file model_35.tsv (TSV, C-alpha atoms)
chain	number	residue	atom	x	y	z
A	13	MET	CA	-91.20	50.41	-6.94
A	14	SER	CA	-90.17	52.62	-4.04
A	15	GLU	CA	-89.40	56.26	-4.77
A	16	THR	CA	-86.33	55.98	-2.55
A	17	GLU	CA	-84.69	53.29	-4.69
A	18	HIS	CA	-81.35	54.44	-6.03
A	19	ARG	CA	-80.70	54.30	-9.77
A	20	CYS	CA	-77.35	54.05	-11.52
A	21	GLY	CA	-76.28	53.53	-15.10
A	22	TRP	CA	-74.36	54.58	-18.19
A	23	VAL	CA	-75.31	57.17	-20.80
A	24	ALA	CA	-73.58	57.26	-24.20
A	25	MET	CA	-73.35	60.79	-25.62
A	26	MET	CA	-73.39	60.37	-29.40
A	27	GLY	CA	-73.55	62.82	-32.27
A	28	PRO	CA	-71.70	64.47	-35.16
A	29	PRO	CA	-68.46	66.39	-34.50
A	30	ASN	CA	-68.75	69.82	-32.88
A	31	ALA	CA	-72.33	69.29	-31.67
A	32	GLY	CA	-71.41	70.33	-28.13
A	33	LYS	CA	-71.16	66.95	-26.38
A	34	SER	CA	-68.15	67.91	-24.25
A	35	THR	CA	-69.66	71.30	-23.33
A	36	MET	CA	-72.83	69.50	-22.28
A	37	LEU	CA	-70.93	66.96	-20.18
A	38	ASN	CA	-69.14	69.77	-18.34
A	39	ALA	CA	-72.48	71.56	-17.83
A	40	PHE	CA	-74.09	68.44	-16.36
A	41	LEU	CA	-71.25	68.07	-13.87
A	42	GLY	CA	-70.79	71.76	-13.12
A	43	GLN	CA	-67.07	71.27	-13.61
A	44	LYS	CA	-64.71	70.73	-16.52
A	45	VAL	CA	-63.76	67.12	-17.21
A	46	ALA	CA	-63.68	67.23	-21.02
A	47	ILE	CA	-61.71	69.64	-23.17
A	48	VAL	CA	-63.67	72.02	-25.39
A	49	THR	CA	-62.58	73.90	-28.52
A	50	PRO	CA	-64.41	75.45	-31.49
A	51	LYS	CA	-62.80	72.86	-33.78
A	52	PRO	CA	-64.61	69.61	-34.67
A	53	GLN	CA	-63.21	66.24	-33.58
A	54	THR	CA	-61.57	67.62	-30.46
A	55	THR	CA	-62.58	64.54	-28.45
A	56	ARG	CA	-60.44	61.51	-29.32
A	57	ASN	CA	-61.17	59.19	-26.41
A	58	GLN	CA	-64.18	57.96	-24.52
A	59	ILE	CA	-64.28	60.30	-21.52
A	60	SER	CA	-66.53	59.37	-18.62
A	61	GLY	CA	-67.99	61.95	-16.25
A	62	ILE	CA	-69.88	61.00	-13.10
A	63	LEU	CA	-72.88	62.89	-11.77
A	64	SER	CA	-73.85	61.77	-8.27
A	65	ARG	CA	-77.16	62.71	-6.69
A	66	PRO	CA	-78.86	61.28	-3.57
A	67	ASP	CA	-81.27	59.29	-5.74
A	68	ALA	CA	-79.08	58.45	-8.74
A	69	GLN	CA	-75.60	58.21	-10.19
A	70	ILE	CA	-75.31	58.90	-13.92
A	71	ILE	CA	-72.11	57.95	-15.71
A	72	PHE	CA	-71.86	59.93	-18.95
A	73	MET	CA	-69.62	58.69	-21.75
A	74	ASP	CA	-68.50	61.56	-23.97
A	75	THR	CA	-67.49	60.02	-27.29
A	76	PRO	CA	-65.68	61.14	-30.46
A	77	GLY	CA	-67.98	62.62	-33.09
A	78	ILE	CA	-69.65	60.21	-35.50
A	79	HIS	CA	-68.26	61.01	-38.93
A	80	GLN	CA	-67.46	59.53	-42.33
A	81	LEU	CA	-63.78	60.48	-42.53
A	82	ARG	CA	-61.16	57.97	-43.65
A	83	GLY	CA	-57.90	56.88	-42.06
A	84	LYS	CA	-56.91	54.53	-39.24
A	85	MET	CA	-57.20	57.14	-36.49
A	86	ASN	CA	-60.69	58.13	-37.62
A	87	LYS	CA	-61.69	54.46	-37.81
A	88	MET	CA	-60.53	53.94	-34.21
A	89	LEU	CA	-62.42	57.02	-33.08
A	90	LEU	CA	-65.60	55.62	-34.59
A	91	GLN	CA	-65.03	52.24	-32.93
A	92	THR	CA	-64.64	53.99	-29.58
A	93	ALA	CA	-67.97	55.79	-30.03
A	94	TRP	CA	-69.91	52.71	-31.15
A	95	GLN	CA	-68.46	50.59	-28.33
A	96	ALA	CA	-69.54	53.19	-25.79
A	97	MET	CA	-73.05	53.11	-27.23
A	98	SER	CA	-73.18	49.30	-27.02
A	99	GLY	CA	-72.54	49.40	-23.26
A	100	ALA	CA	-74.99	52.18	-22.38
A	101	ASP	CA	-78.31	52.01	-20.53
A	102	VAL	CA	-79.51	55.23	-22.20
A	103	VAL	CA	-78.43	56.73	-25.51
A	104	MET	CA	-78.21	60.52	-25.82
A	105	VAL	CA	-77.87	62.09	-29.27
A	106	VAL	CA	-76.52	65.65	-29.27
A	107	LEU	CA	-77.20	67.79	-32.36
A	108	ASP	CA	-76.23	71.32	-33.39
A	109	SER	CA	-79.63	72.91	-34.08
A	110	ASP	CA	-78.10	76.19	-35.23
A	111	LEU	CA	-76.08	74.49	-37.97
A	112	TYR	CA	-78.93	72.40	-39.32
A	113	ILE	CA	-81.48	75.19	-39.31
A	114	ARG	CA	-79.10	77.56	-41.11
A	115	LYS	CA	-77.77	74.85	-43.45
A	116	PRO	CA	-80.33	72.03	-43.66
A	117	GLU	CA	-78.36	70.38	-46.46
A	118	PHE	CA	-75.72	69.34	-43.88
A	119	PHE	CA	-78.20	67.36	-41.80
A	120	GLU	CA	-78.62	64.25	-43.95
A	121	ASN	CA	-74.89	63.75	-44.44
A	122	ASP	CA	-74.07	64.27	-40.75
A	123	ILE	CA	-76.90	62.14	-39.42
A	124	GLU	CA	-76.61	59.27	-41.93
A	125	PRO	CA	-74.18	57.16	-39.83
A	126	LEU	CA	-76.50	57.45	-36.80
A	127	SER	CA	-79.95	57.48	-38.34
A	128	GLU	CA	-80.73	53.77	-38.71
A	129	ALA	CA	-78.96	52.77	-35.49
A	130	ILE	CA	-81.07	55.18	-33.43
A	131	LEU	CA	-84.28	54.26	-35.27
A	132	ASN	CA	-83.78	50.57	-34.42
A	133	GLU	CA	-82.59	51.23	-30.86
A	134	SER	CA	-84.63	49.40	-28.20
A	135	ARG	CA	-83.05	51.26	-25.27
A	136	PRO	CA	-84.26	54.71	-24.18
A	137	VAL	CA	-83.05	57.51	-26.46
A	138	VAL	CA	-83.04	61.23	-25.70
A	139	VAL	CA	-82.13	63.76	-28.41
A	140	ALA	CA	-80.56	66.93	-27.04
A	141	VAL	CA	-81.18	69.63	-29.66
A	142	ASN	CA	-78.33	71.88	-28.63
A	143	LYS	CA	-77.38	75.56	-29.14
A	144	VAL	CA	-80.92	76.95	-28.93
A	145	ASP	CA	-79.41	80.03	-27.24
A	146	LEU	CA	-78.40	81.17	-30.75
A	147	PHE	CA	-82.04	81.71	-31.76
A	148	ARG	CA	-84.01	84.81	-30.84
A	149	ASP	CA	-87.04	83.52	-32.71
A	150	LYS	CA	-87.60	80.05	-31.26
A	151	SER	CA	-90.38	79.36	-33.80
A	152	LYS	CA	-87.64	78.75	-36.38
A	153	MET	CA	-86.85	75.54	-34.53
A	154	LEU	CA	-90.29	73.95	-34.85
A	155	PRO	CA	-89.84	72.40	-38.33
A	156	PHE	CA	-86.51	70.90	-37.23
A	157	LEU	CA	-87.98	69.48	-34.01
A	158	GLU	CA	-90.86	67.99	-36.00
A	159	ARG	CA	-88.39	66.45	-38.45
A	160	LEU	CA	-86.50	64.78	-35.61
A	161	SER	CA	-89.71	63.46	-34.05
A	162	LYS	CA	-90.66	61.85	-37.36
A	163	LEU	CA	-87.14	60.49	-37.91
A	164	TRP	CA	-86.94	58.92	-34.45
A	165	PRO	CA	-90.53	58.57	-33.18
A	166	ASN	CA	-89.54	56.67	-30.03
A	167	ALA	CA	-86.98	59.22	-28.87
A	168	GLU	CA	-87.48	62.03	-26.37
A	169	VAL	CA	-86.57	65.29	-28.17
A	170	VAL	CA	-85.46	68.14	-25.88
A	171	PRO	CA	-84.25	71.61	-26.97
A	172	VAL	CA	-81.27	72.65	-24.82
A	173	SER	CA	-78.40	75.08	-24.49
A	174	ALA	CA	-75.33	73.42	-23.02
A	175	LYS	CA	-73.63	76.82	-22.92
A	176	ASN	CA	-76.36	78.34	-20.72
A	177	ALA	CA	-77.39	75.06	-19.02
A	178	ASP	CA	-80.97	75.52	-20.28
A	179	GLY	CA	-83.11	72.39	-20.62
A	180	LEU	CA	-80.59	70.12	-18.93
A	181	THR	CA	-82.85	69.39	-15.93
A	182	LYS	CA	-85.47	67.89	-18.24
A	183	ILE	CA	-82.86	65.62	-19.80
A	184	LEU	CA	-81.54	64.53	-16.41
A	185	ASP	CA	-85.05	63.74	-15.18
A	186	TYR	CA	-85.67	61.62	-18.26
A	187	ILE	CA	-82.36	59.77	-17.91
A	188	LYS	CA	-82.88	59.06	-14.19
A	189	SER	CA	-86.32	57.60	-14.86
A	190	LYS	CA	-84.81	55.14	-17.37
A	191	LEU	CA	-81.76	53.93	-15.44
A	192	PRO	CA	-81.80	50.55	-13.71
A	193	VAL	CA	-82.23	50.34	-9.94
A	194	SER	CA	-78.70	49.96	-8.60
A	195	PRO	CA	-76.38	51.27	-5.89
A	196	PRO	CA	-73.73	53.79	-7.03
A	197	LEU	CA	-70.66	52.39	-8.77
A	198	TYR	CA	-68.31	55.22	-7.77
A	199	PRO	CA	-67.71	57.40	-4.70
A	200	ALA	CA	-69.99	60.45	-4.57
A	201	ASP	CA	-67.05	62.89	-4.86
A	202	GLN	CA	-65.50	61.25	-7.95
A	203	LEU	CA	-66.16	63.29	-11.11
A	204	SER	CA	-64.45	61.20	-13.77
A	205	THR	CA	-63.08	57.75	-14.50
A	206	MET	CA	-60.07	59.31	-16.23
A	207	PRO	CA	-56.71	59.39	-14.38
A	208	MET	CA	-55.03	62.73	-13.79
A	209	ARG	CA	-52.21	61.94	-16.23
A	210	PHE	CA	-54.76	61.56	-19.00
A	211	MET	CA	-56.45	64.81	-18.00
A	212	ALA	CA	-53.09	66.60	-18.12
A	213	ALA	CA	-52.44	65.39	-21.67
A	214	GLU	CA	-55.92	66.52	-22.68
A	215	VAL	CA	-55.37	69.99	-21.21
A	216	VAL	CA	-52.15	70.42	-23.19
A	217	ARG	CA	-53.89	69.19	-26.34
A	218	GLU	CA	-56.76	71.61	-25.79
A	219	LYS	CA	-54.35	74.56	-25.62
A	220	LEU	CA	-52.71	73.35	-28.85
A	221	PHE	CA	-56.11	73.24	-30.55
A	222	LEU	CA	-56.84	76.77	-29.38
A	223	ASP	CA	-53.45	78.21	-30.36
A	224	LEU	CA	-52.75	76.47	-33.66
A	225	ARG	CA	-54.44	77.30	-36.95
A	226	GLN	CA	-56.17	75.34	-39.70
A	227	GLU	CA	-55.55	71.58	-39.78
A	228	LEU	CA	-52.35	71.45	-37.72
A	229	PRO	CA	-54.01	70.51	-34.40
A	230	TYR	CA	-55.29	67.26	-35.96
A	231	TYR	CA	-51.70	66.18	-36.56
A	232	THR	CA	-50.61	66.71	-32.96
A	233	ALA	CA	-50.79	64.24	-30.08
A	234	VAL	CA	-49.71	64.53	-26.46
A	235	GLU	CA	-48.14	61.94	-24.17
A	236	ILE	CA	-47.30	62.49	-20.49
A	237	GLU	CA	-43.79	61.09	-20.11
A	238	LYS	CA	-43.41	61.98	-16.43
A	239	TRP	CA	-45.93	62.69	-13.66
A	240	ASP	CA	-44.63	63.16	-10.12
A	241	ASP	CA	-47.11	64.44	-7.54
A	242	THR	CA	-45.44	63.06	-4.44
A	243	GLY	CA	-44.50	66.48	-3.03
A	244	ASP	CA	-46.02	69.93	-2.72
A	245	ARG	CA	-45.39	70.58	-6.40
A	246	ILE	CA	-46.37	68.42	-9.40
A	247	TYR	CA	-43.67	67.82	-11.99
A	248	VAL	CA	-44.94	67.04	-15.48
A	249	ASN	CA	-43.03	66.29	-18.68
A	250	ALA	CA	-45.22	66.16	-21.78
A	251	ILE	CA	-44.25	65.19	-25.32
A	252	ILE	CA	-46.10	66.82	-28.20
A	253	TYR	CA	-45.90	64.61	-31.28
A	254	VAL	CA	-46.21	66.10	-34.75
A	255	ALA	CA	-46.28	64.42	-38.16
A	256	ARG	CA	-43.82	66.64	-40.04
A	257	LYS	CA	-40.73	68.75	-39.52
A	258	THR	CA	-42.60	71.87	-40.63
A	259	HIS	CA	-45.26	71.14	-38.00
A	260	LYS	CA	-42.61	71.11	-35.27
A	261	ALA	CA	-41.48	74.61	-36.19
A	262	MET	CA	-45.08	75.85	-36.14
A	263	VAL	CA	-45.83	74.31	-32.74
A	264	ILE	CA	-42.70	75.85	-31.25
A	265	GLY	CA	-43.37	79.20	-32.92
A	266	LYS	CA	-41.06	82.15	-33.51
A	267	GLY	CA	-38.65	82.38	-30.61
A	268	GLY	CA	-40.57	79.57	-28.89
A	269	GLN	CA	-43.57	81.84	-28.28
A	270	THR	CA	-46.31	79.40	-29.33
A	271	LEU	CA	-44.97	76.59	-27.18
A	272	LYS	CA	-44.54	79.00	-24.27
A	273	SER	CA	-48.13	80.22	-24.65
A	274	VAL	CA	-49.47	76.65	-24.70
A	275	GLY	CA	-47.38	75.69	-21.68
A	276	THR	CA	-48.41	78.73	-19.63
A	277	ALA	CA	-52.13	78.19	-20.30
A	278	ALA	CA	-51.91	74.45	-19.59
A	279	ARG	CA	-49.92	74.95	-16.38
A	280	LYS	CA	-52.45	77.46	-15.01
A	281	GLU	CA	-55.36	75.10	-15.69
A	282	LEU	CA	-53.56	72.12	-14.17
A	283	GLN	CA	-52.87	74.15	-11.04
A	284	GLU	CA	-56.56	74.98	-10.77
A	285	MET	CA	-57.50	71.33	-11.25
A	286	THR	CA	-55.03	69.90	-8.75
A	287	GLY	CA	-54.76	72.69	-6.19
A	288	LYS	CA	-50.96	72.38	-6.36
A	289	LYS	CA	-48.13	74.28	-8.01
A	290	VAL	CA	-47.24	72.65	-11.34
A	291	HIS	CA	-43.89	72.54	-13.09
A	292	LEU	CA	-44.65	71.70	-16.73
A	293	GLU	CA	-42.08	71.00	-19.43
A	294	LEU	CA	-43.14	70.51	-23.05
A	295	TRP	CA	-41.06	68.79	-25.72
A	296	VAL	CA	-41.92	68.54	-29.41
A	297	LYS	CA	-40.99	65.40	-31.35
A	298	ILE	CA	-41.55	64.36	-34.94
A	299	ARG	CA	-43.29	61.02	-35.50
A	300	GLU	CA	-44.13	60.69	-39.16
A	301	GLY	CA	-47.38	58.96	-40.01
A	302	TRP	CA	-48.50	58.61	-36.40
A	303	THR	CA	-52.19	58.98	-37.34
A	304	GLU	CA	-51.91	55.65	-39.25
A	305	ASP	CA	-49.85	53.81	-36.60
A	306	ILE	CA	-52.34	51.57	-34.77
A	307	GLY	CA	-49.89	50.61	-32.01
A	308	PHE	CA	-49.11	54.26	-31.29
A	309	LEU	CA	-52.79	55.23	-31.38
A	310	ARG	CA	-53.55	52.50	-28.84
A	311	MET	CA	-50.71	53.76	-26.66
A	312	LEU	CA	-52.42	57.14	-26.67
A	313	GLY	CA	-55.64	55.47	-25.49
A	314	MET	CA	-57.58	55.85	-28.74
A	315	SER	CA	-59.38	52.52	-28.39
A	316	SER	CA	-61.93	51.10	-25.99
call {"tool": "encode", "arguments": {"input": "model_35.tsv", "output": "structure tokens"}}
result
Amino acid sequence: MSETEHRCGWVAMMGPPNAGKSTMLNAFLGQKVAIVTPKPQTTRNQISGILSRPDAQIIFMDTPGIHQLRGKMNKMLLQTAWQAMSGADVVMVVLDSDLYIRKPEFFENDIEPLSEAILNESRPVVVAVNKVDLFRDKSKMLPFLERLSKLWPNAEVVPVSAKNADGLTKILDYIKSKLPVSPPLYPADQLSTMPMRFMAAEVVREKLFLDLRQELPYYTAVEIEKWDDTGDRIYVNAIIYVARKTHKAMVIGKGGQTLKSVGTAARKELQEMTGKKVHLELWVKIREGWTEDIGFLRMLGMSS
């Protein structure tokens, strides 16, 4: 096979919530395409990022965290992740090494939904053991790396830091070697398969996750009602849905300060992303039980 043959394919990024999948996707691309917060289950949709090189095009699918939570929304999130995995050429498992070395009792519960599927996987599997930047003494990682190698003997196990972009080259080299020979599927300058309207909703939702406390962010959803980019300025109307009347008051905040803070942060990021001035209006509406409304969840794109 010629060394000049171009390779192209899909990589499913799987793993428990808060393992750093979205941070790693952004690090691979050198640009933000997936929102990132310290809270687990930030990702609700399958988000595809495209890395184009002269010899390969890698299409990463960032998926919701694999979990064992109940409820219709959580069930749809799991379906989205498993469907992404079924269509991938390479499977990447992302794990939080810091969590499992500090609290090894969490590992079995978190990994249980993935363990057998990865063990029986016939496609190439790479395990990104993330957050190694949190260890001064790297020898502490050895027992965990050995445990993973025994658990999934056919997988390539690579210690990485998505935050510092350490170890990512090794993963990319492995992935490229396993992709099928194929011309690129997307233009070289395209970074994501997601439309800008979707990205705008995600940016607003990210700022809500960062501003709101405790469990409230999980009961908020964002829909872009209006997107007009025909002129020099982009006009955006976004609806923030909440599940309860008390949630609405908390999202708005005293004197409207929380909503203003979210809007200001989202507008600045959207201006950086688009290179245009952005006029952003946010509205908060109550939609009781929306996390169990399948039709509404599908409208928000929470299904593959």
call {"tool": "axis_aligned_box", "arguments": {"input": "model_35.tsv", "around": "segment 208-216 of chain A", "padding_each_side": "3 Å", "output": "AutoDock Vina command-line options"}}
result
--center_x -54.3 --center_y 66.0 --center_z -18.5 --size_x 10.3 --size_y 14.9 --size_z 15.4
call {"tool": "closest_residue", "arguments": {"input": "model_35.tsv", "among": "A:Met85, A:Val290, A:Val137, A:Val144", "to": "Thr303 of chain A", "atoms": "only C-alpha atoms"}}
result
A:Met85
call {"tool": "closest_residue", "arguments": {"input": "model_35.tsv", "among": "A:Asp223, A:Lys87, A:Asn142, A:Lys33", "to": "Gly179 of chain A", "atoms": "all atoms listed in the file"}}
result
A:Asn142
call {"tool": "residues_around", "arguments": {"input": "model_35.tsv", "residues": "Arg245 of chain A", "least_positions_apart": "5", "cutoff": "8 Å", "atoms": "all atoms listed in the file", "output": "PyMOL selection string"}}
result
chain A and resi 288-291
call {"tool": "write_last_selection", "arguments": {"input": "model_35.tsv", "atoms": "C-alpha atoms", "output": "short mmCIF file (atom, residue, chain, number, x, y, z; two decimals), keeping the file's coordinate frame"}}
result
data_model
loop_
_atom_site.label_atom_id
_atom_site.label_comp_id
_atom_site.auth_asym_id
_atom_site.auth_seq_id
_atom_site.Cartn_x
_atom_site.Cartn_y
_atom_site.Cartn_z
CA LYS A 288 -50.96 72.38 -6.36
CA LYS A 289 -48.13 74.28 -8.01
CA VAL A 290 -47.24 72.65 -11.34
CA HIS A 291 -43.89 72.54 -13.09
#
call {"tool": "closest_residue", "arguments": {"input": "model_35.tsv", "among": "A:Ile251, A:Lys219, A:Lys260, A:Ala39", "to": "Glu281 of chain A", "atoms": "only C-alpha atoms"}}
result
A:Lys219
call {"tool": "residues_around", "arguments": {"input": "model_35.tsv", "residues": "Val45 of chain A", "least_positions_apart": "4", "cutoff": "8 Å", "atoms": "only C-alpha atoms", "output": "number ranges by chain"}}
result
A: 37-38, 61, 203-204, 211
call {"tool": "atom_distance", "arguments": {"input": "model_35.tsv", "atom1": "atom CA of Gly268 of chain A", "atom2": "atom CA of Ile47 of chain A"}}
result
24.0 Å
call {"tool": "atom_distance", "arguments": {"input": "model_35.tsv", "atom1": "atom CA of Ala167 of chain A", "atom2": "atom CA of Lys188 of chain A"}}
result
15.2 Å
call {"tool": "atom_distance", "arguments": {"input": "model_35.tsv", "atom1": "atom CA of Val102 of chain A", "atom2": "atom CA of Met25 of chain A"}}
result
9.0 Å
call {"tool": "residues_around", "arguments": {"input": "model_35.tsv", "residues": "Leu312 of chain A", "least_positions_apart": "6", "cutoff": "10 Å", "atoms": "all atoms listed in the file", "output": "VMD selection string"}}
result
chain A and resid 56 to 57 210 213 233 to 236 306
call {"tool": "closest_residue", "arguments": {"input": "model_35.tsv", "among": "A:His18, A:Arg159, A:Lys238, A:Lys297", "to": "Met208 of chain A", "atoms": "only C-alpha atoms"}}
result
A:Lys238
call {"tool": "closest_residue", "arguments": {"input": "model_35.tsv", "among": "A:Val263, A:Ile123, A:Ala250, A:Leu282", "to": "Trp295 of chain A", "atoms": "only C-alpha atoms"}}
result
A:Ala250
call {"tool": "closest_residue", "arguments": {"input": "model_35.tsv", "among": "A:Pro66, A:Pro50, A:Gly42, A:Pro28", "to": "Asn176 of chain A", "atoms": "only C-alpha atoms"}}
result
A:Gly42
call {"tool": "residues_around", "arguments": {"input": "model_35.tsv", "residues": "Leu222 of chain A", "least_positions_apart": "5", "cutoff": "12 Å", "atoms": "all atoms listed in the file", "output": "count of residues only"}}
result
20
call {"tool": "residues_around", "arguments": {"input": "model_35.tsv", "residues": "segment 19-24 of chain A", "least_positions_apart": "3", "cutoff": "7 Å", "atoms": "all atoms listed in the file", "output": "PyMOL selection string"}}
result
chain A and resi 67-74+96-97+100-104+188+191-196
call {"tool": "build_atoms", "arguments": {"input": "model_35.tsv", "residues": "segment 34-59 of chain A", "atoms": "N, CA and C atoms", "output": "compact mmCIF listing (two decimals), in the frame of the given file"}}
result
# COMPACT_ATOMS: atom_id res chain seq x y z
N SER A 34 -69.06 67.67 -25.38
CA SER A 34 -68.15 67.91 -24.25
C SER A 34 -68.62 69.10 -23.41
N THR A 35 -69.11 70.15 -24.07
CA THR A 35 -69.66 71.30 -23.33
C THR A 35 -70.84 70.86 -22.48
N MET A 36 -71.66 69.98 -23.02
CA MET A 36 -72.83 69.50 -22.28
C MET A 36 -72.41 68.64 -21.10
N LEU A 37 -71.42 67.78 -21.29
CA LEU A 37 -70.93 66.96 -20.18
C LEU A 37 -70.44 67.85 -19.04
N ASN A 38 -69.64 68.86 -19.37
CA ASN A 38 -69.14 69.77 -18.34
C ASN A 38 -70.29 70.51 -17.65
N ALA A 39 -71.33 70.86 -18.41
CA ALA A 39 -72.48 71.56 -17.83
C ALA A 39 -73.25 70.65 -16.89
N PHE A 40 -73.41 69.39 -17.24
CA PHE A 40 -74.09 68.44 -16.36
C PHE A 40 -73.37 68.33 -15.01
N LEU A 41 -72.04 68.29 -15.07
CA LEU A 41 -71.25 68.07 -13.87
C LEU A 41 -70.96 69.36 -13.10
N GLY A 42 -71.12 70.50 -13.77
CA GLY A 42 -70.79 71.76 -13.12
C GLY A 42 -69.30 71.96 -12.95
N GLN A 43 -68.53 71.19 -13.70
CA GLN A 43 -67.07 71.27 -13.61
C GLN A 43 -66.48 70.69 -14.88
N LYS A 44 -65.32 71.17 -15.28
CA LYS A 44 -64.71 70.73 -16.52
C LYS A 44 -64.02 69.39 -16.36
N VAL A 45 -64.46 68.41 -17.14
CA VAL A 45 -63.76 67.12 -17.21
C VAL A 45 -63.39 66.77 -18.64
N ALA A 46 -63.97 67.48 -19.61
CA ALA A 46 -63.68 67.23 -21.02
C ALA A 46 -63.23 68.53 -21.68
N ILE A 47 -62.21 68.45 -22.51
CA ILE A 47 -61.71 69.64 -23.17
C ILE A 47 -62.70 70.11 -24.23
N VAL A 48 -62.71 71.42 -24.47
CA VAL A 48 -63.67 72.02 -25.39
C VAL A 48 -62.95 73.03 -26.27
N THR A 49 -63.11 72.91 -27.59
CA THR A 49 -62.58 73.90 -28.52
C THR A 49 -63.61 74.13 -29.62
N PRO A 50 -63.48 75.22 -30.38
CA PRO A 50 -64.41 75.45 -31.49
C PRO A 50 -64.20 74.50 -32.66
N LYS A 51 -63.12 73.73 -32.66
CA LYS A 51 -62.80 72.86 -33.78
C LYS A 51 -63.50 71.50 -33.63
N PRO A 52 -63.99 70.94 -34.74
CA PRO A 52 -64.61 69.61 -34.67
C PRO A 52 -63.57 68.54 -34.37
N GLN A 53 -64.06 67.40 -33.90
CA GLN A 53 -63.21 66.24 -33.58
C GLN A 53 -62.14 66.57 -32.54
N THR A 54 -62.50 67.37 -31.56
CA THR A 54 -61.57 67.62 -30.46
C THR A 54 -61.45 66.39 -29.58
N THR A 55 -62.58 65.73 -29.30
CA THR A 55 -62.58 64.54 -28.45
C THR A 55 -62.05 63.35 -29.22
N ARG A 56 -61.03 62.68 -28.66
CA ARG A 56 -60.44 61.51 -29.32
C ARG A 56 -60.62 60.24 -28.51
N ASN A 57 -61.03 60.35 -27.28
CA ASN A 57 -61.17 59.19 -26.41
C ASN A 57 -62.56 59.16 -25.81
N GLN A 58 -62.93 58.02 -25.28
CA GLN A 58 -64.18 57.96 -24.52
C GLN A 58 -63.89 58.51 -23.13
N ILE A 59 -64.52 59.63 -22.80
CA ILE A 59 -64.28 60.30 -21.52
C ILE A 59 -65.53 60.17 -20.66
